[in-house]
Amino acid sequence: MSRSQAAAARRSLWKDARRHRFLFLLLLPGTLYLILNNYLPMFGLIIAFKNVNFTDGILRSPWSGFDNFKFLFSTTDAWVITRNTVLYNLLFIAVGLVLSIAFAVLLNEVRNRVFRSFFQSAMFFPYFLSFVIVGYLVFALLSIEHGFVNNHILAPLGMEPIDWYNDPKYWPYILTITNLWKNIGYGTVIYLAAIIGVESSYYEAALIDGASKWRQFGSITLPSIMPVVVVLTLLNIGRIFYADFGLFYNVPLHTGLLYPTTLVIDTYVYDIMVTRNDIGMSTAVGLYQAAVGFVLVFLSNWFVRRVNKENALF
Amino acid sequence: MENAIKLRQEEKAAERPRKAYQPNAVSRPAHAAINVLFVLYTLFCLLPILLVVIVSFTDEQTVLLSGYNYFPSKLSLDAYRFLFADPLPIVRAYGVTIGATVAGTVVGLLVTAAFAYPISRRDFRFRNVFSFFAFFTMLFNGGLVPWYIVYSKYMDIGNTILALILPNLLMSAFYILMMRTFFATTIPAEIYESAEIDGAGELLVFFRIVIPLSLPVMATVGLFYTLQYWNDWYNSMIFINNDRIISLQYLMQRTLLNIQYILNNSHAAATARIDFPSETVRMAMAVIGIGPIVFAYPFFQRYFVSGLTVGAVKG
């Protein structure tokens, strides 16, 4: 590019910017907010490599290199929180996907309109409750002394009461069921919308060819909703290193005894910051989470791009 | 009037054969089985909530003797009487939550729409730069500690209502992108072209044309923000250590983890510490938190469903 061309390009860039100056004005508050809420904290990640003391301030505190990471990966904590976070998320994604699609397909077969919308409303309701309230509901069922399950299900069956809140082995089931209970309605609503959007003439043609319901599901419904399935699953896999803090903090009532099966990266980061007051370590765990999470989004997106470009996120 | 009735009858008549002949419907037994399945699942969704409601109206002694039950032998309003003897903590938490919800939703919606509009304009040369600026926040973040330090040390908003409004909740890149898609696909580009906009005209177009044309997506995102603020306890937990400015959900969370917490906040309770119906009061707290959602739900749900449907189609 010659010098005069470059100057012309600069002029037109400047001209464009001037022409749209009020668009910049609209962008300003949101941009400031993203800088404050998202970009400034990214620079704060240097805390992971520092030995922060607040008399020196963050920038002047001495560097500590990779000490925090060395310490983190020398304990079993790193393994436990990673395993718990990833396995729970995989379980939630897989079971959630199958159940939401199954519910959506079945709901679509309910002929009575009033029933259909009632079922959908009831299934979707738990999604609107906070995990604090969900914590209460689980407590009402499982409380060791007064809980409904111990007093009115196990006792009449002649079984001993179970120490739900003292024994980690029950929590993979409790947390999975609780999470599905809360979120399955959301998936069902989305997949039902996608199924309703499928061209009805496909089914008419299938009917003429004598295709069974199973065949219709496999050859029409599933391929038609595949883009939605892929995008949602991709979003979820990209977040496989992030756990739902509310679920893992409130539902087990933040009980230390249950940590072997309930501690996840997010609750660990919080614990280290608040109870151990070790902000360098807490930041290091946060960086570990953000970095691996970042790689996972790219990997899953790359994989989808290879299979079908249109379904990729970016 | 007569015509209308006639028309409706004709419509009905036209519908009837379709109803009777549904070649692609599942068989009758299968249909019955599906309905039974959904009735059972509906019960599974609603019964836990019903249990909490019933326990809150149960006599404390009955709970202590026979546990939480759907059919308690004795009912009582003691839990609510106790809570409303000194309603200040609850009323205050409600006030804080309502204030943060209203302010956060209104401001958040405006800021989100104002960011989404320019990057939806195809003639705006810098739209990709700003889109990526927002999108990148979905891919990477600084984590809890730096985020906490930015707000509490540099912004110094700990222990103020701003801490319940600003951090994380005000705007999310996900809704920016959702709105951008909506603006780009539903607002015809000719509006911008024909106007040959200059100066303050841009702002006029945004407020007078774009926003009124985008009410569906504004309603959906607004409801998501409302729900998010209403259900938030995390910001109270992280930023607030003054019982006067905590949200309702956080008050409930403290009460669940430690029933004594409600005593700390209540003067009347301090004297009544001895015969304090703790088990039922706990559940009454939950009911007080669930109540507004139950009433708002029928209204909410329709917009959520339609909003999600837009999202599902657009991907």
# chains A, B, ... in the order shown; residues from 1 in each chain; ligands from 1
call {"tool": "interface_residues", "arguments": {"of": "chain A", "to": "chain B", "cutoff": "7 Å", "atoms": "only C-alpha atoms", "output": "JSON, numbers by chain"}}
result
{"A": [19, 22, 23, 26, 27, 29, 30, 37, 38, 41, 42, 44, 45, 106, 109, 110, 119, 122, 123, 126, 130, 132, 133, 136, 137, 140, 146, 147, 148, 151, 181, 189, 190, 193, 194, 207, 228, 231, 253, 279, 282, 283, 286, 287, 290, 294]}
call {"tool": "residues_around", "arguments": {"residues": "Asp163 of chain A", "least_positions_apart": "5", "cutoff": "10 Å", "atoms": "only C-alpha atoms", "output": "PyMOL selection string"}}
result
chain A and resi 142-145+150+168+170
call {"tool": "write_last_selection", "arguments": {"atoms": "all heavy atoms", "output": "short mmCIF file (atom, residue, chain, number, x, y, z; two decimals), in the first residue's frame"}}
result
data_model
loop_
_atom_site.label_atom_id
_atom_site.label_comp_id
_atom_site.auth_asym_id
_atom_site.auth_seq_id
_atom_site.Cartn_x
_atom_site.Cartn_y
_atom_site.Cartn_z
N LEU A 142 -34.54 -34.62 53.14
CA LEU A 142 -33.43 -35.46 53.60
C LEU A 142 -32.90 -35.15 54.99
O LEU A 142 -32.03 -35.87 55.47
CB LEU A 142 -32.26 -35.37 52.60
CG LEU A 142 -32.56 -35.80 51.16
CD1 LEU A 142 -31.29 -35.74 50.34
CD2 LEU A 142 -33.15 -37.19 51.13
N SER A 143 -33.40 -34.11 55.63
CA SER A 143 -32.92 -33.79 56.97
C SER A 143 -32.87 -35.05 57.83
O SER A 143 -33.79 -35.86 57.81
CB SER A 143 -33.86 -32.75 57.60
OG SER A 143 -33.72 -32.77 59.00
N ILE A 144 -31.77 -35.22 58.55
CA ILE A 144 -31.56 -36.49 59.24
C ILE A 144 -32.61 -36.71 60.33
O ILE A 144 -33.18 -37.79 60.44
CB ILE A 144 -30.13 -36.53 59.83
CG1 ILE A 144 -29.12 -36.50 58.68
CG2 ILE A 144 -29.92 -37.78 60.68
CD1 ILE A 144 -27.71 -36.19 59.09
N GLU A 145 -32.88 -35.67 61.11
CA GLU A 145 -33.84 -35.83 62.21
C GLU A 145 -35.29 -35.79 61.74
O GLU A 145 -36.09 -36.65 62.08
CB GLU A 145 -33.68 -34.70 63.23
CG GLU A 145 -32.41 -34.76 64.04
CD GLU A 145 -32.21 -33.46 64.78
OE1 GLU A 145 -33.19 -32.94 65.35
OE2 GLU A 145 -31.08 -32.93 64.75
N ASN A 150 -36.52 -40.00 55.77
CA ASN A 150 -36.17 -40.83 56.93
C ASN A 150 -37.39 -41.19 57.77
O ASN A 150 -37.51 -42.31 58.24
CB ASN A 150 -35.14 -40.11 57.80
CG ASN A 150 -33.73 -40.32 57.29
OD1 ASN A 150 -33.53 -41.06 56.32
ND2 ASN A 150 -32.77 -39.67 57.92
N PRO A 168 -20.65 -38.85 52.25
CA PRO A 168 -20.44 -38.37 50.87
C PRO A 168 -20.97 -39.31 49.80
O PRO A 168 -21.23 -38.87 48.70
CB PRO A 168 -18.91 -38.26 50.76
CG PRO A 168 -18.36 -38.43 52.12
CD PRO A 168 -19.40 -39.06 52.98
N TYR A 170 -23.73 -40.65 49.10
CA TYR A 170 -25.06 -40.43 48.50
C TYR A 170 -25.09 -39.23 47.57
O TYR A 170 -26.00 -39.08 46.78
CB TYR A 170 -26.10 -40.21 49.60
CG TYR A 170 -26.18 -41.34 50.58
CD1 TYR A 170 -25.78 -41.18 51.89
CD2 TYR A 170 -26.67 -42.59 50.18
CE1 TYR A 170 -25.84 -42.23 52.79
CE2 TYR A 170 -26.73 -43.64 51.07
CZ TYR A 170 -26.32 -43.46 52.37
OH TYR A 170 -26.37 -44.50 53.24
#
call {"tool": "atom_distance", "arguments": {"atom1": "atom CA of Trp14 of chain A", "atom2": "atom CA of Phe314 of chain A"}}
result
28.7 Å
call {"tool": "closest_residue", "arguments": {"among": "B:Ile288, B:Val107, B:Leu248, B:Val281", "to": "Ala93 of chain B", "atoms": "only C-alpha atoms"}}
result
B:Leu248
call {"tool": "atom_distance", "arguments": {"atom1": "atom CA of Leu40 of chain A", "atom2": "atom CA of Ile58 of chain A"}}
result
13.1 Å
call {"tool": "closest_residue", "arguments": {"among": "B:Pro72, B:Gly158, B:Pro188, B:Pro89", "to": "Ser120 of chain B", "atoms": "only C-alpha atoms"}}
result
B:Pro188
call {"tool": "atom_distance", "arguments": {"atom1": "atom CA of Phe49 of chain A", "atom2": "atom CA of Trp63 of chain A"}}
result
5.9 Å
call {"tool": "residues_around", "arguments": {"residues": "segment 219-227 of chain A", "least_positions_apart": "5", "cutoff": "12 Å", "atoms": "only C-alpha atoms", "output": "JSON, numbers by chain"}}
result
{"A": [97, 98, 101, 102, 104, 105, 108, 190, 191, 192, 193, 194, 195, 196, 197, 198, 199, 200, 201, 202, 203, 204, 205, 206, 207, 211, 212, 213, 214, 232, 233, 234, 304, 307, 308, 309, 310, 311, 312, 313], "B": [312, 313, 314, 315]}
call {"tool": "closest_residue", "arguments": {"among": "A:Gln120, A:His20, A:Leu90, A:Thr85", "to": "Asp266 of chain A", "atoms": "only C-alpha atoms"}}
result
A:Thr85
call {"tool": "residues_around", "arguments": {"residues": "Leu164 of chain B", "least_positions_apart": "2", "cutoff": "8 Å", "atoms": "only C-alpha atoms", "output": "list in words"}}
result
Ala100, Thr160, Ile161, Leu162, Leu166, Pro167, Asn235, Ser236 and Ser247 of chain B
call {"tool": "select_by_dssp", "arguments": {"residues": "segment 117-262 of chain B", "states": "alpha helix (DSSP H)", "output": "ChimeraX atom specification"}}
result
/B:117-120,127-139,144-149,162-165,173-186,190-195,201-204,211-213,215-230,234-239,248-257,260-262
